[in-house]
Amino acid sequence: MSRIVSKIDIASAGYKKNHATMMQKVEALQAKVHKARFERPERDIERLHRQKKLTVRERLDLLLDPGTPFLEIGTLVANKAYGGDVQGAGQVSGIGIIYGREVIIHADDPSIKGGAWYPLSVKKIVRTLDIAIENRLPVIHLCDSAGGFLPLQSDLFPDRHAAGRIFRNQCTLSKMGVPQIAVVLGHCTAGGAYIPALCDYSVIVRGNGGVFLGGPPLVKAATGEIVTAEALGGATMHTTVSGTCDYAADDEPHAMAIARDIFANTSPIAKQVIDRTEAEAPFYDPKELYGLVPTDWKTGFDMREVIARVVDGSYFHEYQPDYGTTMICGYARIWGCKVGILANNGVLFNDSSLKAAHFMRLCDRDRTPLVFLQNITGYMVGREYEERGITKDGAKMIMTQVGCTVPKFTVIVGGSFGAGNYGMCGRAFDGRFLWMWPQSQIAVMGAEQAANTLADVKIRQLERNGHELNPEEIAAIRDPVLVSFEAESDAYYSTSEMWDDGILDPVDTRNALGMAIVASLNAPFGDIGYGVLRL
Amino acid sequence: MAQLNFKMTTLLFPDIPETRHQVQVRTDAVYVDGSSVQVRKTAAGSFIGYLDGRGERLRAVASGDTIYVQLRGRSFAVNRVDPTRAAASSAADVPGATHAPMPGVVISLVAILGQHVKKGDALLVIESMKLQMTISANLDGEVAEMPLAVGQTFQRNDMLVRLQNSGDAA
């Protein structure tokens, strides 16, 4: 492998301008993340402490090994939904370390709407458990939820990937042999009661913890029985009478200590063997990533410069350096793990698509995980390219990508448009993780293209009826489309809807990938096999 | 891993790029283009090389892919040749004319006809598939032809700009 030679001039005006713009974006991201994690009204924190409860972040500090990384997932989910005040959809999710082993956490945040489940909360919990299934990660549930948010019940209850999926995923995990531990820190009512019941182990805190299908008010309404929450489903009853919970804890720190001890007694999962060596920091400073991305997303940039600031030692063996040059393919290491990188350096042509397909099969055969770095406006359009079969060559790339059984990881570094998103392992393609950079964009096409296309259709429609549009009327059709497309192409919109696993500070790209790749090795890769390619 | 990479490599002096030397570090000696040289490390960055039985002290320090060597009071820079990139550089553009890599439209003209430009200078900006690309000079010279105006579309392989060496006949 050879070290990438950077051509970036960090003293140039262009670099400094890009750097300043990206720094603003990164600072805005950090402010949003801080707000979602820590900023709560004083009275809500006081209420928690009065109830002898800790904040969800304090709980994580007690549960996870001190000083170890926590790869948080979907920190800014719901940042553009429900008026923006259901931070993180009232859930904290992420991969942490207990006794040196990876676990994935699903934690209700009682300081956000009492930990109520909104539709996006359910989406986040389901995604968390999907990650657990795909990567065979043991799960710890920190339960403290008011239950489903009833005004939006039709969006969170009945559908295939709605709340029922949480419990379906729990059963799937159990069947796969992946341990789950529930810590009941507040009430688990109705459906939520099944979370501890479906876990292998459960801990419940005396006084605060409660597990019941129907809480006291519902029991009274249904049968007239008057009963306290503690008698109905408290720690003493469940650990001595019903056997629904296994361990009673005196307080939250005690509960976390028990959970850690239980986890220490589960069997470690043997990791998949891949080509792995000692990690080495990139030769080029990852902070220089801030100055690489042009302020105007229409301006291209050399993705090798990004690779050089993400991979071990900035070493990269480039495959087919002179063929299909808009698609960079090659081998590198991240945290010592050999990976195959596919990175966009322009539009996908016939040759770039074929190169990508061939390279992915090489990686899949050699059991080398795939990393996709997206900055893609799409596959080339036009008569010449259609005649050369751009559609079937793109199909080869997609068919091969879906067929690969090695873990796939995607970072949307710049644009992610149209079928380019598909070929480069967009969300629908079951990559293990997908992240976005703060300035990145995602949509079926560019906002201008969409607005012009729609305006064009409308103009022709009206022309057929003999009506000619004046420029104001055209603008009236075009502008609203432009505005809504731009808003919905934004990375914050994507992460609000959980089309990704989070927005990364570019500097964190290497560590997020490294931690995810190592975590992904818990699951067997599966057998090699592909669908039929249209040759 | 860094050490591993230098076990067998190709080196060149940047001022004489056509000469390339194969260097292998083996347990018994260092082999340069097949002949062996005994090298002993005396301290960090200090070595003694034995040539024809005589020891020569030398100091060497690596920075990226360049190795700086001090020998007999003189300094030399030696570059490591990247095997994949060495192949890539042989397939460089034919100097002079630049043809469109794909269909598109001209966004702006940076240079003007007759202007003297240096290799790497921006000549014009094109846009295709929502992406803008700057077409730069591939040699030092004069802009001899730039047939398209701003807003004009072109097909793949259409000539975008042609440079000629300042001394060339038109």
# chains A, B, ... in the order shown; residues from 1 in each chain; ligands from 1

call {"tool": "closest_atom_pairs", "arguments": {"of": "chain B", "to": "chain A", "cutoff": "6 Å", "atoms": "only C-alpha atoms", "output": "CSV"}}
result
residue,atom,partner,partner_atom,distance
B:Asp82,CA,A:Ser2,CA,5.9
B:Leu131,CA,A:Lys298,CA,4.7
B:Gln132,CA,A:Thr299,CA,5.0

call {"tool": "write_last_selection", "arguments": {"atoms": "C-alpha atoms", "output": "mmCIF file, in the first residue's frame"}}
result
data_model
loop_
_atom_site.group_PDB
_atom_site.id
_atom_site.type_symbol
_atom_site.label_atom_id
_atom_site.label_comp_id
_atom_site.auth_asym_id
_atom_site.auth_seq_id
_atom_site.Cartn_x
_atom_site.Cartn_y
_atom_site.Cartn_z
ATOM 1 C CA ASP B 82 4.442 4.422 -5.449
ATOM 2 C CA LEU B 131 -21.565 19.221 -10.922
ATOM 3 C CA GLN B 132 -19.232 22.024 -11.898
#

call {"tool": "residues_around", "arguments": {"residues": "Phe429 (chain A)", "least_positions_apart": "4", "cutoff": "10 Å", "atoms": "only C-alpha atoms", "output": "MDAnalysis selection string"}}
result
chainID A and resid 398 401:402 408 421:425

call {"tool": "write_last_selection", "arguments": {"atoms": "N, CA and C atoms", "output": "PDB file, in the first residue's frame"}}
result
ATOM      1  N   ILE A 398     -25.809  -2.217  -8.547  1.00  0.00           N
ATOM      2  CA  ILE A 398     -26.778  -2.350  -7.450  1.00  0.00           C
ATOM      3  C   ILE A 398     -26.959  -3.832  -7.089  1.00  0.00           C
ATOM      4  N   GLN A 401     -23.942  -5.030  -5.195  1.00  0.00           N
ATOM      5  CA  GLN A 401     -23.863  -4.410  -3.871  1.00  0.00           C
ATOM      6  C   GLN A 401     -24.829  -5.091  -2.898  1.00  0.00           C
ATOM      7  N   VAL A 402     -26.049  -5.356  -3.373  1.00  0.00           N
ATOM      8  CA  VAL A 402     -27.030  -6.007  -2.504  1.00  0.00           C
ATOM      9  C   VAL A 402     -26.604  -7.446  -2.212  1.00  0.00           C
ATOM     10  N   LYS A 408     -21.363  -3.539   5.307  1.00  0.00           N
ATOM     11  CA  LYS A 408     -21.219  -2.334   4.484  1.00  0.00           C
ATOM     12  C   LYS A 408     -21.477  -1.115   5.378  1.00  0.00           C
ATOM     13  N   ASN A 421     -27.537   7.223  -4.880  1.00  0.00           N
ATOM     14  CA  ASN A 421     -27.757   6.824  -3.487  1.00  0.00           C
ATOM     15  C   ASN A 421     -27.943   5.312  -3.391  1.00  0.00           C
ATOM     16  N   TYR A 422     -28.632   4.730  -4.369  1.00  0.00           N
ATOM     17  CA  TYR A 422     -28.877   3.277  -4.329  1.00  0.00           C
ATOM     18  C   TYR A 422     -27.585   2.497  -4.564  1.00  0.00           C
ATOM     19  N   GLY A 423     -26.921   2.846  -5.665  1.00  0.00           N
ATOM     20  CA  GLY A 423     -25.693   2.128  -6.024  1.00  0.00           C
ATOM     21  C   GLY A 423     -24.648   2.204  -4.930  1.00  0.00           C
ATOM     22  N   MET A 424     -24.626   3.352  -4.226  1.00  0.00           N
ATOM     23  CA  MET A 424     -23.603   3.588  -3.207  1.00  0.00           C
ATOM     24  C   MET A 424     -24.127   3.247  -1.803  1.00  0.00           C
ATOM     25  N   CYS A 425     -24.980   2.263  -1.724  1.00  0.00           N
ATOM     26  CA  CYS A 425     -25.444   1.722  -0.440  1.00  0.00           C
ATOM     27  C   CYS A 425     -26.140   2.777   0.424  1.00  0.00           C
TER      28      CYS A 425
END

call {"tool": "select_by_dssp", "arguments": {"residues": "region 25-195 of chain A", "states": "helix (DSSP H, G or I)", "output": "PyMOL selection string"}}
result
chain A and resi 25-38+42-50+56-63+82-84+87-90+113-115+119-135+150-156+164-176+190-195

call {"tool": "write_last_selection", "arguments": {"atoms": "C-alpha atoms", "output": "PDB file, in the first residue's frame"}}
result
ATOM      1  CA  LYS A  25     -21.522  24.013  10.424  1.00  0.00           C
ATOM      2  CA  VAL A  26     -19.635  21.915  12.962  1.00  0.00           C
ATOM      3  CA  GLU A  27     -20.206  24.435  15.766  1.00  0.00           C
ATOM      4  CA  ALA A  28     -23.913  24.519  14.906  1.00  0.00           C
ATOM      5  CA  LEU A  29     -23.933  20.704  15.038  1.00  0.00           C
ATOM      6  CA  GLN A  30     -22.188  20.650  18.415  1.00  0.00           C
ATOM      7  CA  ALA A  31     -24.691  23.172  19.801  1.00  0.00           C
ATOM      8  CA  LYS A  32     -27.623  21.066  18.589  1.00  0.00           C
ATOM      9  CA  VAL A  33     -26.105  17.884  19.998  1.00  0.00           C
ATOM     10  CA  HIS A  34     -25.440  19.554  23.359  1.00  0.00           C
ATOM     11  CA  LYS A  35     -29.022  20.752  23.482  1.00  0.00           C
ATOM     12  CA  ALA A  36     -30.403  17.309  22.662  1.00  0.00           C
ATOM     13  CA  ARG A  37     -28.193  15.615  25.247  1.00  0.00           C
ATOM     14  CA  PHE A  38     -28.078  17.970  28.183  1.00  0.00           C
ATOM     15  CA  GLU A  42     -34.429  23.145  35.579  1.00  0.00           C
ATOM     16  CA  ARG A  43     -37.806  21.999  36.961  1.00  0.00           C
ATOM     17  CA  ASP A  44     -37.649  18.736  34.978  1.00  0.00           C
ATOM     18  CA  ILE A  45     -34.235  17.862  36.419  1.00  0.00           C
ATOM     19  CA  GLU A  46     -35.448  18.800  39.918  1.00  0.00           C
ATOM     20  CA  ARG A  47     -38.488  16.578  39.488  1.00  0.00           C
ATOM     21  CA  LEU A  48     -36.265  13.636  38.493  1.00  0.00           C
ATOM     22  CA  HIS A  49     -33.990  14.120  41.474  1.00  0.00           C
ATOM     23  CA  ARG A  50     -36.987  14.483  43.793  1.00  0.00           C
ATOM     24  CA  VAL A  56     -30.423   9.225  31.276  1.00  0.00           C
ATOM     25  CA  ARG A  57     -26.828  10.448  30.731  1.00  0.00           C
ATOM     26  CA  GLU A  58     -26.018   9.877  34.419  1.00  0.00           C
ATOM     27  CA  ARG A  59     -27.441   6.377  34.089  1.00  0.00           C
ATOM     28  CA  LEU A  60     -25.176   5.648  31.118  1.00  0.00           C
ATOM     29  CA  ASP A  61     -22.153   6.899  33.070  1.00  0.00           C
ATOM     30  CA  LEU A  62     -22.895   4.347  35.793  1.00  0.00           C
ATOM     31  CA  LEU A  63     -23.625   1.521  33.381  1.00  0.00           C
ATOM     32  CA  TYR A  82     -43.259  17.658  16.842  1.00  0.00           C
ATOM     33  CA  GLY A  83     -42.323  21.356  17.028  1.00  0.00           C
ATOM     34  CA  GLY A  84     -38.698  20.461  17.744  1.00  0.00           C
ATOM     35  CA  GLN A  87     -35.156  15.942  21.739  1.00  0.00           C
ATOM     36  CA  GLY A  88     -33.747  12.760  20.281  1.00  0.00           C
ATOM     37  CA  ALA A  89     -37.348  11.471  20.147  1.00  0.00           C
ATOM     38  CA  GLY A  90     -37.065  10.997  23.927  1.00  0.00           C
ATOM     39  CA  LYS A 113     -42.221  14.207  27.752  1.00  0.00           C
ATOM     40  CA  GLY A 114     -41.945  11.597  30.510  1.00  0.00           C
ATOM     41  CA  GLY A 115     -40.153   9.230  28.108  1.00  0.00           C
ATOM     42  CA  PRO A 119     -43.738   7.598  16.264  1.00  0.00           C
ATOM     43  CA  LEU A 120     -40.053   8.544  15.784  1.00  0.00           C
ATOM     44  CA  SER A 121     -39.198   7.141  19.245  1.00  0.00           C
ATOM     45  CA  VAL A 122     -40.543   3.807  18.071  1.00  0.00           C
ATOM     46  CA  LYS A 123     -38.575   4.108  14.823  1.00  0.00           C
ATOM     47  CA  LYS A 124     -35.419   4.759  16.857  1.00  0.00           C
ATOM     48  CA  ILE A 125     -35.974   1.803  19.215  1.00  0.00           C
ATOM     49  CA  VAL A 126     -36.704  -0.494  16.259  1.00  0.00           C
ATOM     50  CA  ARG A 127     -33.549   0.729  14.494  1.00  0.00           C
ATOM     51  CA  THR A 128     -31.541   0.128  17.679  1.00  0.00           C
ATOM     52  CA  LEU A 129     -32.776  -3.454  17.845  1.00  0.00           C
ATOM     53  CA  ASP A 130     -32.231  -3.916  14.093  1.00  0.00           C
ATOM     54  CA  ILE A 131     -28.598  -2.919  14.677  1.00  0.00           C
ATOM     55  CA  ALA A 132     -28.483  -5.457  17.518  1.00  0.00           C
ATOM     56  CA  ILE A 133     -29.827  -8.173  15.206  1.00  0.00           C
ATOM     57  CA  GLU A 134     -27.575  -7.319  12.260  1.00  0.00           C
ATOM     58  CA  ASN A 135     -24.432  -7.096  14.396  1.00  0.00           C
ATOM     59  CA  LEU A 150     -51.747   8.555  22.422  1.00  0.00           C
ATOM     60  CA  PRO A 151     -52.631  11.516  20.130  1.00  0.00           C
ATOM     61  CA  LEU A 152     -50.322   9.983  17.492  1.00  0.00           C
ATOM     62  CA  GLN A 153     -51.156   6.325  18.199  1.00  0.00           C
ATOM     63  CA  SER A 154     -52.109   5.572  14.594  1.00  0.00           C
ATOM     64  CA  ASP A 155     -48.544   6.439  13.538  1.00  0.00           C
ATOM     65  CA  LEU A 156     -46.837   4.362  16.185  1.00  0.00           C
ATOM     66  CA  GLY A 164     -44.960  -4.267  17.712  1.00  0.00           C
ATOM     67  CA  ARG A 165     -41.661  -4.562  15.857  1.00  0.00           C
ATOM     68  CA  ILE A 166     -39.807  -3.732  19.093  1.00  0.00           C
ATOM     69  CA  PHE A 167     -41.133  -6.896  20.684  1.00  0.00           C
ATOM     70  CA  ARG A 168     -40.760  -8.940  17.497  1.00  0.00           C
ATOM     71  CA  ASN A 169     -37.103  -7.847  17.352  1.00  0.00           C
ATOM     72  CA  GLN A 170     -36.598  -8.790  21.003  1.00  0.00           C
ATOM     73  CA  CYS A 171     -37.877 -12.300  20.301  1.00  0.00           C
ATOM     74  CA  THR A 172     -35.696 -12.534  17.178  1.00  0.00           C
ATOM     75  CA  LEU A 173     -32.623 -11.540  19.198  1.00  0.00           C
ATOM     76  CA  SER A 174     -33.397 -14.128  21.852  1.00  0.00           C
ATOM     77  CA  LYS A 175     -33.814 -16.837  19.228  1.00  0.00           C
ATOM     78  CA  MET A 176     -30.429 -15.829  17.755  1.00  0.00           C
ATOM     79  CA  ALA A 190     -49.075  -1.785  28.461  1.00  0.00           C
ATOM     80  CA  GLY A 191     -46.876  -2.786  25.472  1.00  0.00           C
ATOM     81  CA  GLY A 192     -43.826  -1.409  27.268  1.00  0.00           C
ATOM     82  CA  ALA A 193     -44.308  -4.053  29.956  1.00  0.00           C
ATOM     83  CA  TYR A 194     -43.245  -6.674  27.448  1.00  0.00           C
ATOM     84  CA  ILE A 195     -39.744  -5.212  27.180  1.00  0.00           C
TER      85      ILE A 195
END

call {"tool": "atom_distance", "arguments": {"atom1": "CA of Asn344 (chain A)", "atom2": "CA of Met327 (chain A)"}}
result
5.0 Å

call {"tool": "atom_distance", "arguments": {"atom1": "CA of Ala77 (chain B)", "atom2": "CA of Pro14 (chain B)"}}
result
7.2 Å
